[in-house]
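Asks: File name model.json; file contents JSON, C-alpha atoms; full text below.
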```
[["chain", "number", "residue", "atom", "x", "y", "z"],
["K", 1302, "THR", "CA", -74.12, -22.34, 26.22],
["K", 1303, "VAL", "CA", -70.47, -22.49, 27.21],
["K", 1304, "TYR", "CA", -69.59, -23.70, 30.70],
["K", 1305, "ASP", "CA", -66.33, -23.27, 32.56],
["K", 1306, "VAL", "CA", -64.76, -25.13, 35.47],
["K", 1307, "SER", "CA", -66.73, -23.10, 38.04],
["K", 1308, "HIS", "CA", -69.99, -24.46, 36.57],
["K", 1309, "TYR", "CA", -68.80, -28.04, 37.03],
["K", 1310, "ASN", "CA", -67.51, -27.29, 40.54],
["K", 1311, "ALA", "CA", -70.87, -25.77, 41.50],
["K", 1312, "LEU", "CA", -72.66, -28.84, 40.14],
["K", 1313, "LEU", "CA", -70.35, -31.10, 42.16],
["K", 1314, "LYS", "CA", -71.07, -29.05, 45.29],
["K", 1315, "VAL", "CA", -74.83, -29.47, 44.79],
["K", 1316, "TYR", "CA", -74.39, -33.22, 44.18],
["K", 1317, "LEU", "CA", -72.39, -33.57, 47.41],
["K", 1318, "GLN", "CA", -74.71, -31.39, 49.51],
["K", 1319, "ASN", "CA", -77.70, -33.47, 48.41],
["K", 1320, "GLU", "CA", -75.88, -36.82, 48.61],
["K", 1321, "TYR", "CA", -76.72, -37.36, 44.95],
["K", 1322, "LYS", "CA", -75.29, -40.63, 43.62],
["K", 1323, "PHE", "CA", -73.11, -40.17, 40.54],
["K", 1324, "SER", "CA", -69.96, -41.57, 38.99],
["K", 1325, "PRO", "CA", -66.96, -39.30, 39.60],
["K", 1326, "THR", "CA", -65.20, -41.01, 36.67],
["K", 1327, "ASP", "CA", -68.08, -40.22, 34.30],
["K", 1328, "PHE", "CA", -68.14, -36.66, 35.63],
["K", 1329, "LEU", "CA", -64.44, -36.23, 34.78],
["K", 1330, "GLU", "CA", -64.98, -37.74, 31.32],
["K", 1331, "LYS", "CA", -67.81, -35.28, 30.69],
["K", 1332, "MET", "CA", -65.49, -32.40, 31.61],
["K", 1333, "GLU", "CA", -62.75, -33.73, 29.32],
["K", 1334, "LYS", "CA", -65.20, -34.05, 26.41],
["K", 1335, "ALA", "CA", -66.22, -30.42, 26.99],
["K", 1336, "ASN", "CA", -62.50, -29.52, 26.99],
["K", 1337, "ILE", "CA", -62.69, -28.22, 30.58],
["K", 1338, "GLN", "CA", -59.63, -28.71, 32.80],
["K", 1339, "PRO", "CA", -60.47, -29.76, 36.36],
["K", 1340, "ASN", "CA", -58.86, -27.65, 39.08],
["K", 1341, "ARG", "CA", -57.99, -28.22, 42.74],
["K", 1342, "VAL", "CA", -61.61, -27.69, 43.84],
["K", 1343, "THR", "CA", -62.88, -30.18, 41.25],
["K", 1344, "TYR", "CA", -60.47, -32.85, 42.43],
["K", 1345, "GLN", "CA", -61.24, -32.16, 46.11],
["K", 1346, "ARG", "CA", -64.95, -32.60, 45.49],
["K", 1347, "LEU", "CA", -64.45, -35.76, 43.42],
["K", 1348, "ILE", "CA", -62.37, -37.22, 46.26],
["K", 1349, "ALA", "CA", -65.17, -36.31, 48.68],
["K", 1350, "ALA", "CA", -67.68, -38.05, 46.38],
["K", 1351, "TYR", "CA", -65.63, -41.26, 46.30],
["K", 1352, "CYS", "CA", -65.08, -41.12, 50.05],
["K", 1353, "ASN", "CA", -68.80, -40.64, 50.72],
["K", 1354, "MET", "CA", -69.30, -43.95, 48.89],
["K", 1355, "GLY", "CA", -66.49, -45.55, 50.88],
["K", 1356, "ASP", "CA", -64.48, -45.99, 47.65],
["K", 1357, "ILE", "CA", -60.89, -45.46, 48.81],
["K", 1358, "GLU", "CA", -59.46, -46.82, 45.55],
["K", 1359, "GLY", "CA", -61.36, -44.22, 43.50],
["K", 1360, "ALA", "CA", -60.35, -41.45, 45.89],
["K", 1361, "SER", "CA", -56.71, -42.57, 45.69],
["K", 1362, "LYS", "CA", -56.83, -42.40, 41.90],
["K", 1363, "ILE", "CA", -58.01, -38.77, 42.04],
["K", 1364, "LEU", "CA", -55.37, -38.03, 44.69],
["K", 1365, "GLY", "CA", -52.81, -39.36, 42.20],
["K", 1366, "PHE", "CA", -54.09, -36.91, 39.55],
["K", 1367, "MET", "CA", -53.68, -34.07, 42.05],
["K", 1368, "LYS", "CA", -50.11, -35.09, 42.82],
["K", 1369, "THR", "CA", -49.10, -35.37, 39.15],
["K", 1370, "LYS", "CA", -50.49, -31.88, 38.56],
["K", 1371, "ASP", "CA", -48.66, -30.55, 41.66],
["K", 1372, "LEU", "CA", -51.93, -29.42, 43.24],
["K", 1373, "PRO", "CA", -51.84, -28.94, 47.02],
["K", 1374, "VAL", "CA", -53.47, -31.66, 49.10],
["K", 1375, "THR", "CA", -55.54, -29.62, 51.52],
["K", 1376, "GLU", "CA", -57.16, -30.23, 54.87],
["K", 1377, "ALA", "CA", -60.47, -30.81, 53.06],
["K", 1378, "VAL", "CA", -58.90, -33.71, 51.15],
["K", 1379, "PHE", "CA", -57.50, -35.30, 54.31],
["K", 1380, "SER", "CA", -60.85, -34.86, 56.04],
["K", 1381, "ALA", "CA", -62.65, -36.56, 53.13],
["K", 1382, "LEU", "CA", -60.12, -39.42, 53.18],
["K", 1383, "VAL", "CA", -60.72, -39.99, 56.90],
["K", 1384, "THR", "CA", -64.47, -40.16, 56.18],
["K", 1385, "GLY", "CA", -63.82, -42.54, 53.30],
["K", 1386, "HIS", "CA", -61.74, -44.90, 55.43],
["K", 1387, "ALA", "CA", -64.42, -44.86, 58.13],
["K", 1388, "ARG", "CA", -67.16, -45.69, 55.61],
["K", 1389, "ALA", "CA", -65.05, -48.37, 53.94],
["K", 1390, "GLY", "CA", -64.70, -50.07, 57.33]]
```
Represent the structure from my file as structure tokens, please.
Replies:
Amino acid sequence: TVYDVSHYNALLKVYLQNEYKFSPTDFLEKMEKANIQPNRVTYQRLIAAYCNMGDIEGASKILGFMKTKDLPVTEAVFSALVTGHARAG
């Protein structure tokens, strides 16, 4: 079976909706091994995952990837970052 980026984005959405604990870094590595390029939605959801854990450093790393790829930083990203800062204390 061949998966594309939408499969991974859907999986991320389910993980986030169910507050499933996973490593965003491992998730990205899995995508890279499958030769799938993350898109804006992927990065947004990975930032949300880090922020839900209160991991601002991890979220900032993903934000850096978005900036180097010239992807727009959307309202959803800012919203997730606010949540992340609140959870980080």
Asks: Please list as number ranges by chain every residue within 12 Å of K:Val1342, counting all atoms listed in the file and excluding residues in the same chain fewer than 6 positions away.
Replies: K: 1306-1314, 1348-1349, 1363, 1367, 1372-1375, 1377-1378
Asks: Can you sort out the box for stretch 1362-1365 of chain K, edges along x, y and z, all listed atoms in, 8 Å on every side, with centre and edge lengths in Å to one decimal, as AutoDock Vina command-line options?
Replies:
```
--center_x -55.4 --center_y -40.2 --center_z 43.3 --size_x 21.2 --size_y 20.4 --size_z 18.8
```
Asks: For the atom pair atom CA of K:Thr1326 and atom CA of K:Met1354, what is the interatomic distance in Å to one decimal place?
Replies: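 Taking atom CA of K:Thr1326 and atom CA of K:Met1354, their separation equals 13.2 Å.
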Asks: Could you tell me which of K:Leu1317, K:Met1332, K:Arg1341, K:Tyr1351 comes closest to K:Tyr1304 if we count all atoms listed in the file?
Replies: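 Selected residue with least distance to K:Tyr1304: K:Met1332.
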Asks: Would you compute the distance between atom CA of K:Gly1390 and atom CA of K:Glu1320? Give it in Å to one decimal.
Replies: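 These atoms are spaced 19.4 Å apart.
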Asks: Just the number, please: distance in Å from atom CA of K:Ser1361 to atom CA of K:Gly1385, one decimal.
Replies: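 Result for atom CA of K:Ser1361 versus atom CA of K:Gly1385: 10.4 Å, one decimal.
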Asks: Given only C-alpha atoms as the basis, pick out the residue of K:Ser1324, K:Ala1389, K:Arg1346, K:Asn1319 nearest to K:Glu1358.
Replies: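 The answer is K:Ala1389, which sits nearest to K:Glu1358.
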Asks: Nearest residue to K:Thr1384 out of K:Cys1352, K:Asn1340, K:Asp1371, K:Phe1366, using all atoms listed in the file?
Replies: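 The answer is K:Cys1352, which sits nearest to K:Thr1384.
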Asks: Of the candidates K:Thr1302, K:Gln1318, K:Gln1345, K:Asn1336, which one gets nearest to K:Lys1368 if we count all atoms listed in the file?
Replies: K:Gln1345
Asks: Considering all atoms listed in the file, return as a VMD selection string whatever protein or nucleic-acid residues lie within 10 Å of K:Leu1329, sequence-local ones (same chain, fewer than 5 positions apart) excluded.
Replies: chain K and resid 1309 1324 1334 to 1335 1337 to 1339 1343 to 1344 1347
